>>> print(open('protein-v1.cif').read())   # mmCIF, C-alpha atoms
data_work
#
loop_
_atom_site.group_PDB
_atom_site.id
_atom_site.type_symbol
_atom_site.label_atom_id
_atom_site.label_comp_id
_atom_site.auth_asym_id
_atom_site.auth_seq_id
_atom_site.Cartn_x
_atom_site.Cartn_y
_atom_site.Cartn_z
ATOM 1 C CA MET A 75 78.481 79.356 83.497
ATOM 2 C CA THR A 76 81.957 78.354 84.604
ATOM 3 C CA ALA A 77 85.037 79.628 82.812
ATOM 4 C CA PRO A 78 86.678 77.164 80.387
ATOM 5 C CA GLU A 79 89.449 75.185 81.973
ATOM 6 C CA ARG A 80 92.926 76.410 80.967
ATOM 7 C CA ARG A 81 95.179 73.822 79.389
ATOM 8 C CA PRO A 82 98.388 73.277 81.370
ATOM 9 C CA ASP A 83 100.504 73.673 78.231
ATOM 10 C CA ALA A 84 98.767 76.823 76.997
ATOM 11 C CA GLU A 85 100.920 79.881 76.340
ATOM 12 C CA PRO A 86 100.505 82.604 79.005
ATOM 13 C CA ALA A 87 98.904 85.797 77.753
ATOM 14 C CA ALA A 88 101.455 88.452 76.800
ATOM 15 C CA ALA A 89 101.613 91.315 79.254
ATOM 16 C CA VAL A 90 100.612 94.668 77.800
ATOM 17 C CA PRO A 91 103.249 97.303 78.673
ATOM 18 C CA GLU A 92 101.839 100.193 80.649
ATOM 19 C CA LEU A 93 102.368 103.522 78.923
ATOM 20 C CA PRO A 94 103.091 106.657 80.915
ATOM 21 C CA PRO A 95 100.246 109.179 80.737
ATOM 22 C CA THR A 96 100.317 111.630 77.850
ATOM 23 C CA PRO A 97 101.646 114.938 79.230
ATOM 24 C CA PRO A 98 99.574 118.089 78.636
ATOM 25 C CA GLU A 99 102.354 119.751 76.639
ATOM 26 C CA ALA A 100 102.182 116.986 74.015
ATOM 27 C CA GLY A 101 98.985 118.547 72.678
ATOM 28 C CA ALA A 102 100.758 121.848 71.991
ATOM 29 C CA VAL A 103 103.681 120.064 70.308
ATOM 30 C CA PHE A 104 101.790 117.591 68.102
ATOM 31 C CA GLY A 105 98.477 119.424 67.605
ATOM 32 C CA ASP A 106 95.906 117.402 65.667
ATOM 33 C CA ARG A 107 98.502 114.653 65.232
ATOM 34 C CA LEU A 108 98.522 113.887 68.950
ATOM 35 C CA PRO A 109 96.506 110.641 68.484
ATOM 36 C CA THR A 110 99.136 109.490 65.980
ATOM 37 C CA ALA A 111 101.905 110.384 68.444
ATOM 38 C CA VAL A 112 100.116 108.329 71.111
ATOM 39 C CA ARG A 113 99.931 105.408 68.682
ATOM 40 C CA TYR A 114 103.669 105.735 68.017
ATOM 41 C CA ALA A 115 104.308 105.618 71.766
ATOM 42 C CA GLU A 116 102.192 102.447 71.939
ATOM 43 C CA LEU A 117 104.216 100.874 69.124
ATOM 44 C CA LEU A 118 107.461 101.702 70.907
ATOM 45 C CA ALA A 119 106.213 100.243 74.179
ATOM 46 C CA GLY A 120 104.804 97.113 72.540
ATOM 47 C CA PRO A 121 106.506 95.691 69.422
ATOM 48 C CA GLY A 122 109.357 98.193 69.706
ATOM 49 C CA GLN A 123 110.370 96.885 73.088
ATOM 50 C CA ALA A 124 109.831 93.272 72.007
ATOM 51 C CA GLN A 125 112.085 93.786 68.976
ATOM 52 C CA GLY A 126 114.768 95.524 70.991
ATOM 53 C CA VAL A 127 114.608 98.934 69.305
ATOM 54 C CA ILE A 128 114.017 100.523 72.719
ATOM 55 C CA GLY A 129 114.854 99.219 76.187
ATOM 56 C CA PRO A 130 112.231 98.476 78.859
ATOM 57 C CA ARG A 131 113.837 100.979 81.225
ATOM 58 C CA GLU A 132 113.006 103.747 78.736
ATOM 59 C CA LEU A 133 109.239 103.164 78.853
ATOM 60 C CA PRO A 134 108.494 105.354 81.921
ATOM 61 C CA ARG A 135 110.166 108.295 80.171
ATOM 62 C CA LEU A 136 108.928 107.681 76.619
ATOM 63 C CA TRP A 137 107.306 111.093 76.310
ATOM 64 C CA ASP A 138 109.824 113.448 77.926
ATOM 65 C CA ARG A 139 113.076 111.701 76.994
ATOM 66 C CA HIS A 140 112.116 110.466 73.549
ATOM 67 C CA LEU A 141 109.037 111.876 71.784
ATOM 68 C CA LEU A 142 108.955 115.450 73.118
ATOM 69 C CA ASN A 143 112.748 115.601 73.325
ATOM 70 C CA SER A 144 113.014 114.632 69.649
ATOM 71 C CA ALA A 145 110.244 116.950 68.494
ATOM 72 C CA ALA A 146 111.997 119.875 70.216
ATOM 73 C CA VAL A 147 114.655 119.906 67.475
ATOM 74 C CA GLY A 148 111.953 121.194 65.150
ATOM 75 C CA GLU A 149 112.234 124.581 66.863
ATOM 76 C CA VAL A 150 115.463 125.311 64.945
ATOM 77 C CA LEU A 151 114.617 123.784 61.546
ATOM 78 C CA PRO A 152 113.534 125.985 58.621
ATOM 79 C CA ALA A 153 110.095 125.668 57.049
ATOM 80 C CA ASP A 154 109.583 123.055 54.319
ATOM 81 C CA ALA A 155 113.102 121.694 54.814
ATOM 82 C CA THR A 156 114.351 118.382 53.476
ATOM 83 C CA VAL A 157 115.713 116.352 56.420
ATOM 84 C CA VAL A 158 117.784 113.169 56.647
ATOM 85 C CA ASP A 159 117.737 111.499 60.078
ATOM 86 C CA VAL A 160 121.015 109.555 60.294
ATOM 87 C CA GLY A 161 121.092 106.372 62.391
ATOM 88 C CA SER A 162 117.351 106.678 62.954
ATOM 89 C CA GLY A 163 117.051 103.460 64.998
ATOM 90 C CA ALA A 164 113.652 103.517 66.691
ATOM 91 C CA GLY A 165 112.712 106.541 64.569
ATOM 92 C CA LEU A 166 114.163 109.193 66.856
ATOM 93 C CA PRO A 167 114.155 112.082 66.211
ATOM 94 C CA GLY A 168 112.774 111.597 62.686
ATOM 95 C CA ILE A 169 109.267 110.293 63.426
ATOM 96 C CA PRO A 170 108.409 112.796 66.199
ATOM 97 C CA LEU A 171 109.693 115.530 63.857
ATOM 98 C CA ALA A 172 107.412 114.274 61.084
ATOM 99 C CA LEU A 173 104.482 114.399 63.513
ATOM 100 C CA ALA A 174 105.276 117.811 64.997
ATOM 101 C CA ARG A 175 106.388 119.413 61.715
ATOM 102 C CA PRO A 176 104.350 117.994 58.799
ATOM 103 C CA ASP A 177 105.925 120.580 56.484
ATOM 104 C CA LEU A 178 109.261 118.737 56.656
ATOM 105 C CA ILE A 179 110.267 116.177 53.999
ATOM 106 C CA ILE A 180 111.969 113.438 56.000
ATOM 107 C CA THR A 181 114.184 110.461 55.155
ATOM 108 C CA LEU A 182 115.148 107.946 57.851
ATOM 109 C CA LEU A 183 118.606 106.455 57.226
ATOM 110 C CA GLU A 184 119.377 103.293 59.198
ATOM 111 C CA PRO A 185 121.949 100.496 58.574
ATOM 112 C CA MET A 186 120.429 97.577 60.537
ATOM 113 C CA ALA A 187 117.938 95.388 58.652
ATOM 114 C CA ARG A 188 115.688 94.661 61.650
ATOM 115 C CA ARG A 189 115.440 98.345 62.498
ATOM 116 C CA VAL A 190 114.726 99.208 58.864
ATOM 117 C CA ALA A 191 111.872 96.671 58.953
ATOM 118 C CA TRP A 192 110.612 98.265 62.187
ATOM 119 C CA LEU A 193 110.753 101.766 60.681
ATOM 120 C CA GLU A 194 108.916 100.658 57.547
ATOM 121 C CA MET A 195 106.197 99.071 59.695
ATOM 122 C CA VAL A 196 105.812 102.210 61.822
ATOM 123 C CA VAL A 197 105.694 104.560 58.829
ATOM 124 C CA ALA A 198 103.005 102.392 57.211
ATOM 125 C CA GLU A 199 101.020 102.015 60.456
ATOM 126 C CA LEU A 200 101.037 105.761 61.125
ATOM 127 C CA GLY A 201 100.425 106.730 57.491
ATOM 128 C CA LEU A 202 103.403 109.093 57.350
ATOM 129 C CA PRO A 203 104.895 110.391 54.042
ATOM 130 C CA VAL A 204 108.393 109.448 55.215
ATOM 131 C CA THR A 205 111.083 107.567 53.264
ATOM 132 C CA VAL A 206 113.142 104.783 54.865
ATOM 133 C CA VAL A 207 116.592 104.019 53.404
ATOM 134 C CA ARG A 208 118.896 101.248 54.558
ATOM 135 C CA GLY A 209 122.538 102.311 54.683
ATOM 136 C CA ARG A 210 125.242 104.210 56.492
ATOM 137 C CA ALA A 211 125.865 107.917 56.025
ATOM 138 C CA GLU A 212 129.485 107.286 55.041
ATOM 139 C CA GLU A 213 128.541 104.887 52.208
ATOM 140 C CA ARG A 214 128.479 106.206 48.640
ATOM 141 C CA GLU A 215 125.216 104.395 47.772
ATOM 142 C CA ALA A 216 123.416 105.796 50.818
ATOM 143 C CA ARG A 217 124.605 109.278 49.917
ATOM 144 C CA ARG A 218 123.411 108.795 46.356
ATOM 145 C CA ARG A 219 119.961 107.650 47.475
ATOM 146 C CA CYS A 220 119.507 110.400 50.072
ATOM 147 C CA GLY A 221 121.072 113.200 48.044
ATOM 148 C CA GLU A 222 121.805 116.539 49.679
ATOM 149 C CA SER A 223 119.325 117.921 52.182
ATOM 150 C CA ASP A 224 118.696 121.194 53.958
ATOM 151 C CA VAL A 225 119.174 119.500 57.337
ATOM 152 C CA VAL A 226 120.729 116.316 58.699
ATOM 153 C CA THR A 227 119.716 115.241 62.191
ATOM 154 C CA ALA A 228 121.459 112.719 64.445
ATOM 155 C CA ARG A 229 120.733 111.539 67.979
ATOM 156 C CA ALA A 230 123.389 109.730 70.038
ATOM 157 C CA VAL A 231 125.188 108.517 66.893
ATOM 158 C CA ALA A 232 128.881 109.442 67.370
ATOM 159 C CA PRO A 233 131.237 112.109 68.766
ATOM 160 C CA MET A 234 131.235 115.322 66.732
ATOM 161 C CA GLY A 235 134.655 114.663 65.162
ATOM 162 C CA ARG A 236 133.392 111.507 63.430
ATOM 163 C CA LEU A 237 129.819 112.650 62.998
ATOM 164 C CA VAL A 238 130.678 115.634 60.791
ATOM 165 C CA THR A 239 132.765 113.516 58.401
ATOM 166 C CA TRP A 240 129.841 111.107 57.960
ATOM 167 C CA THR A 241 126.982 113.585 57.781
ATOM 168 C CA LEU A 242 128.115 116.877 56.231
ATOM 169 C CA PRO A 243 128.337 115.312 52.729
ATOM 170 C CA LEU A 244 124.570 114.755 53.045
ATOM 171 C CA VAL A 245 124.011 118.474 53.750
ATOM 172 C CA ARG A 246 123.683 120.950 50.903
ATOM 173 C CA PRO A 247 126.049 123.949 50.970
ATOM 174 C CA GLY A 248 124.461 126.437 53.354
ATOM 175 C CA GLY A 249 122.425 123.726 55.090
ATOM 176 C CA ILE A 250 122.927 122.517 58.663
ATOM 177 C CA LEU A 251 123.724 119.492 60.755
ATOM 178 C CA ALA A 252 121.538 119.411 63.886
ATOM 179 C CA ALA A 253 123.109 116.922 66.298
ATOM 180 C CA MET A 254 121.311 116.176 69.562
ATOM 181 C CA LYS A 255 123.836 116.067 72.395
ATOM 182 C CA GLY A 256 123.923 116.008 76.175
ATOM 183 C CA ALA A 257 125.684 118.209 78.700
ATOM 184 C CA SER A 258 129.027 117.700 76.915
ATOM 185 C CA ALA A 259 127.876 119.518 73.749
ATOM 186 C CA GLN A 260 130.112 122.597 74.138
ATOM 187 C CA ASN A 261 133.086 120.466 75.167
ATOM 188 C CA GLU A 262 132.664 118.355 72.022
ATOM 189 C CA ILE A 263 132.720 121.463 69.842
ATOM 190 C CA GLU A 264 135.917 122.723 71.478
ATOM 191 C CA ARG A 265 137.592 119.306 71.342
ATOM 192 C CA ASP A 266 136.635 118.547 67.727
ATOM 193 C CA LEU A 267 136.708 122.032 66.211
ATOM 194 C CA LYS A 268 139.604 121.173 63.904
ATOM 195 C CA SER A 269 137.776 118.116 62.556
ATOM 196 C CA ILE A 270 134.560 120.113 62.115
ATOM 197 C CA ARG A 271 136.337 122.738 60.017
ATOM 198 C CA ALA A 272 138.274 120.125 58.031
ATOM 199 C CA ALA A 273 134.976 118.455 57.099
ATOM 200 C CA GLY A 274 133.608 121.777 55.808
ATOM 201 C CA GLY A 275 131.655 122.813 58.898
ATOM 202 C CA ASP A 276 131.220 126.480 59.805
ATOM 203 C CA ASP A 277 129.936 128.304 62.883
ATOM 204 C CA PRO A 278 129.406 125.356 65.276
ATOM 205 C CA ARG A 279 127.205 126.410 68.174
ATOM 206 C CA VAL A 280 124.985 124.960 70.883
ATOM 207 C CA VAL A 281 121.310 125.876 71.153
ATOM 208 C CA ARG A 282 118.810 124.740 73.759
ATOM 209 C CA CYS A 283 115.463 123.424 72.500
ATOM 210 C CA GLY A 284 112.337 122.407 74.362
ATOM 211 C CA VAL A 285 111.437 122.994 77.999
ATOM 212 C CA GLY A 286 111.567 121.105 81.274
ATOM 213 C CA GLU A 287 112.419 117.414 81.200
ATOM 214 C CA ALA A 288 112.056 117.353 77.404
ATOM 215 C CA ALA A 289 114.720 120.022 76.820
ATOM 216 C CA THR A 290 117.761 119.081 74.768
ATOM 217 C CA SER A 291 121.068 120.573 73.659
ATOM 218 C CA VAL A 292 121.523 120.672 69.887
ATOM 219 C CA VAL A 293 124.830 121.315 68.143
ATOM 220 C CA LEU A 294 124.230 123.230 64.913
ATOM 221 C CA VAL A 295 126.947 123.125 62.258
ATOM 222 C CA SER A 296 126.537 124.938 58.947
ATOM 223 C CA ARG A 297 128.039 123.386 55.842
ATOM 224 C CA SER A 298 130.400 125.798 54.157
ATOM 225 C CA GLU A 299 129.196 127.355 50.907
ATOM 226 C CA ARG A 300 132.743 126.998 49.618
ATOM 227 C CA ARG A 301 132.588 123.230 49.270
ATOM 228 C CA GLY A 302 131.809 121.539 45.977
ATOM 229 C CA PRO A 303 128.801 119.272 45.469
ATOM 230 C CA SER A 304 128.542 115.902 47.201
ATOM 231 C CA PRO A 305 127.423 112.619 45.612
ATOM 232 C CA GLY A 306 123.711 112.652 44.738
ATOM 233 C CA ALA A 307 123.340 116.437 44.759
ATOM 234 C CA GLY A 308 121.214 116.323 41.621
ATOM 235 C CA ARG A 309 118.408 114.467 43.406
ATOM 236 C CA ARG A 310 117.245 117.625 45.175
ATOM 237 C CA ALA A 311 115.889 118.884 41.889
ATOM 238 C CA HIS A 312 113.471 115.964 41.580
ATOM 239 C CA GLY A 313 111.296 117.260 44.406
ATOM 240 C CA ARG A 314 108.974 115.641 46.922
ATOM 241 C CA LYS A 315 107.705 112.756 44.749
ATOM 242 C CA ASP A 316 111.181 111.366 44.050
ATOM 243 C CA ARG A 317 112.228 111.680 47.679
ATOM 244 C CA HIS A 318 109.530 109.274 48.806
ATOM 245 C CA ARG A 319 110.662 106.532 46.470
ATOM 246 C CA ASP A 320 112.754 103.921 48.279
#
>>> encode(input="protein-v1.cif", output="structure tokens")
Amino acid sequence: MTAPERRPDAEPAAAVPELPPTPPEAGAVFGDRLPTAVRYAELLAGPGQAQGVIGPRELPRLWDRHLLNSAAVGEVLPADATVVDVGSGAGLPGIPLALARPDLIITLLEPMARRVAWLEMVVAELGLPVTVVRGRAEEREARRRCGESDVVTARAVAPMGRLVTWTLPLVRPGGILAAMKGASAQNEIERDLKSIRAAGGDDPRVVRCGVGEAATSVVLVSRSERRGPSPGAGRRAHGRKDRHRD
């Protein structure tokens, strides 16, 4: 039997992006959630790239630079912590953290409507108990909806001087900001130390998380216990059920 003749005006078949192989260390990081992490990588490489939430040049380094790099932050987060991922974008680091640390209660905060739609699709597809909120960290309504958390994470969002003013109001007194930074992490602390302290940040320090190509520098800033409550502080008392209501 001959193959059916292809119409000249037919749409060409969409190319399927080739994923890099899953590295052996991913099994140790994600455990029994490794298949879900692989599915997330597929979503990033497919619809994520098509929708512009991640660039095509990032696909060869999806695992080391993005998934494992993001999950590495979990090494410094306390057990059962409430976490707000500010400027979540493609879901980094929030979704890899949810996969690697299922004890965490995670909210993804993102201002752009198309990225919010992407995040909602991914959370539903992967079956994750993660909340998605549209808004900016500096907005009163976003702060009200997120409340105060044990940890706020941020990846490539802003220099430390601006980042602390946006994010520390989302951190409960005694909680921490965990900001993923590059080689300039210590320089940013020294340059912006005055702003960090003015925003109520204590004990800024750089820690190294992860190993090999997936390693990352994380700036940890504690929120001073001396500060009064921020907008939405009462929401922490409502517990897990209320946090998953968008």
>>> atom_distance(input="protein-v1.cif", atom1="CA of Gly165 in chain A", atom2="CA of Asp106 in chain A")
20.0 Å
>>> residues_around(input="protein-v1.cif", residues="range 167-178 of chain A", least_positions_apart="6", cutoff="7 Å", atoms="only C-alpha atoms", output="list in words")
Val103, Phe104, Arg107, Ala111, Leu141, Ser144, Ala145, Gly148, Ala153, Asp154, Ala155, Thr156, Val157, Asp159 and Arg229 of chain A
>>> residues_around(input="protein-v1.cif", residues="range 273-280 of chain A", least_positions_apart="6", cutoff="7 Å", atoms="only C-alpha atoms", output="list in words")
Val238, Thr239, Ala259, Gln260, Ile263, Ser291, Val292, Val293, Leu294, Val295, Ser296, Arg297, Ser298 and Arg301 of chain A
>>> write_last_selection(input="protein-v1.cif", atoms="C-alpha atoms", output="CSV table (one decimal), in the frame of the given file")
chain,number,residue,atom,x,y,z
A,238,VAL,CA,130.7,115.6,60.8
A,239,THR,CA,132.8,113.5,58.4
A,259,ALA,CA,127.9,119.5,73.7
A,260,GLN,CA,130.1,122.6,74.1
A,263,ILE,CA,132.7,121.5,69.8
A,291,SER,CA,121.1,120.6,73.7
A,292,VAL,CA,121.5,120.7,69.9
A,293,VAL,CA,124.8,121.3,68.1
A,294,LEU,CA,124.2,123.2,64.9
A,295,VAL,CA,126.9,123.1,62.3
A,296,SER,CA,126.5,124.9,58.9
A,297,ARG,CA,128.0,123.4,55.8
A,298,SER,CA,130.4,125.8,54.2
A,301,ARG,CA,132.6,123.2,49.3
>>> closest_atom_pairs(input="protein-v1.cif", of="range 183-289 of chain A", to="range 117-130 of chain A", cutoff="9 Å", atoms="only C-alpha atoms", output="CSV")
residue,atom,partner,partner_atom,distance
A:Arg188,CA,A:Gln125,CA,8.2
A:Arg189,CA,A:Val127,CA,6.9
A:Trp192,CA,A:Gly122,CA,7.6
A:Val196,CA,A:Leu117,CA,7.6
>>> closest_residue(input="protein-v1.cif", among="A:Ala230, A:Ala164, A:Leu93, A:Ala100", to="Lys255 in chain A", atoms="only C-alpha atoms")
A:Ala230
>>> residues_near_point(input="protein-v1.cif", point="(128.6, 110.4, 58.8)", cutoff="12 Å", atoms="only C-alpha atoms", output="count of residues only")
37
>>> closest_residue(input="protein-v1.cif", among="A:Ala198, A:Cys283, A:Leu133, A:Met186", to="Ala146 in chain A", atoms="only C-alpha atoms")
A:Cys283
>>> atom_distance(input="protein-v1.cif", atom1="CA of Glu199 in chain A", atom2="CA of Gly163 in chain A")
16.7 Å
>>> atom_distance(input="protein-v1.cif", atom1="CA of Pro97 in chain A", atom2="CA of Ala191 in chain A")
29.1 Å
>>> closest_residue(input="protein-v1.cif", among="A:Ala252, A:Leu200, A:Ala187, A:Val285", to="Leu108 in chain A", atoms="all atoms listed in the file")
A:Leu200
>>> resolve_selection(input="protein-v1.cif", expression="the PyMOL selection byres ((chain A and resi 287) around 10)", output="PyMOL selection string")
chain A and resi 135+137-139+142-143+284-286+288-290
>>> closest_residue(input="protein-v1.cif", among="A:Pro203, A:Pro94, A:Gly105, A:Gly248", to="Glu132 in chain A", atoms="only C-alpha atoms")
A:Pro94
>>> closest_residue(input="protein-v1.cif", among="A:Arg265, A:Arg218, A:Arg271, A:Arg113", to="Thr96 in chain A", atoms="all atoms listed in the file")
A:Arg113
>>> decode(input="protein-v1.cif", residues="range 246-261 of chain A", atoms="N, CA and C atoms", output="PDB file, in the first residue's frame")
ATOM      1  N   ARG A 246       7.753  36.290  57.325  1.00  0.00           N
ATOM      2  CA  ARG A 246       7.408  36.487  58.732  1.00  0.00           C
ATOM      3  C   ARG A 246       8.648  36.890  59.517  1.00  0.00           C
ATOM      4  N   PRO A 247       8.491  37.620  60.633  1.00  0.00           N
ATOM      5  CA  PRO A 247       9.658  37.903  61.476  1.00  0.00           C
ATOM      6  C   PRO A 247      10.357  36.608  61.895  1.00  0.00           C
ATOM      7  N   GLY A 248      11.663  36.561  61.653  1.00  0.00           N
ATOM      8  CA  GLY A 248      12.430  35.352  61.928  1.00  0.00           C
ATOM      9  C   GLY A 248      12.555  34.424  60.743  1.00  0.00           C
ATOM     10  N   GLY A 249      11.778  34.688  59.667  1.00  0.00           N
ATOM     11  CA  GLY A 249      11.885  33.897  58.450  1.00  0.00           C
ATOM     12  C   GLY A 249      13.036  34.391  57.585  1.00  0.00           C
ATOM     13  N   ILE A 250      13.159  33.821  56.371  1.00  0.00           N
ATOM     14  CA  ILE A 250      14.305  34.164  55.527  1.00  0.00           C
ATOM     15  C   ILE A 250      13.893  34.423  54.080  1.00  0.00           C
ATOM     16  N   LEU A 251      14.662  35.299  53.451  1.00  0.00           N
ATOM     17  CA  LEU A 251      14.674  35.432  52.002  1.00  0.00           C
ATOM     18  C   LEU A 251      15.823  34.573  51.486  1.00  0.00           C
ATOM     19  N   ALA A 252      15.537  33.721  50.494  1.00  0.00           N
ATOM     20  CA  ALA A 252      16.569  32.904  49.857  1.00  0.00           C
ATOM     21  C   ALA A 252      16.627  33.299  48.392  1.00  0.00           C
ATOM     22  N   ALA A 253      17.582  34.160  48.053  1.00  0.00           N
ATOM     23  CA  ALA A 253      17.687  34.712  46.701  1.00  0.00           C
ATOM     24  C   ALA A 253      18.803  34.015  45.948  1.00  0.00           C
ATOM     25  N   MET A 254      18.459  33.392  44.816  1.00  0.00           N
ATOM     26  CA  MET A 254      19.457  32.713  43.995  1.00  0.00           C
ATOM     27  C   MET A 254      20.236  33.753  43.201  1.00  0.00           C
ATOM     28  N   LYS A 255      21.544  33.723  43.316  1.00  0.00           N
ATOM     29  CA  LYS A 255      22.402  34.712  42.676  1.00  0.00           C
ATOM     30  C   LYS A 255      23.585  34.015  41.999  1.00  0.00           C
ATOM     31  N   GLY A 256      24.292  34.769  41.187  1.00  0.00           N
ATOM     32  CA  GLY A 256      25.467  34.238  40.512  1.00  0.00           C
ATOM     33  C   GLY A 256      26.740  34.543  41.278  1.00  0.00           C
ATOM     34  N   ALA A 257      27.825  34.706  40.532  1.00  0.00           N
ATOM     35  CA  ALA A 257      29.135  34.926  41.135  1.00  0.00           C
ATOM     36  C   ALA A 257      29.225  36.256  41.872  1.00  0.00           C
ATOM     37  N   SER A 258      28.296  37.175  41.594  1.00  0.00           N
ATOM     38  CA  SER A 258      28.352  38.510  42.209  1.00  0.00           C
ATOM     39  C   SER A 258      27.633  38.569  43.557  1.00  0.00           C
ATOM     40  N   ALA A 259      27.225  37.417  44.098  1.00  0.00           N
ATOM     41  CA  ALA A 259      26.393  37.399  45.305  1.00  0.00           C
ATOM     42  C   ALA A 259      27.007  38.190  46.459  1.00  0.00           C
ATOM     43  N   GLN A 260      28.278  37.933  46.790  1.00  0.00           N
ATOM     44  CA  GLN A 260      28.910  38.622  47.914  1.00  0.00           C
ATOM     45  C   GLN A 260      29.056  40.113  47.630  1.00  0.00           C
ATOM     46  N   ASN A 261      29.371  40.458  46.395  1.00  0.00           N
ATOM     47  CA  ASN A 261      29.477  41.874  46.031  1.00  0.00           C
ATOM     48  C   ASN A 261      28.147  42.594  46.203  1.00  0.00           C
TER      49      ASN A 261
END
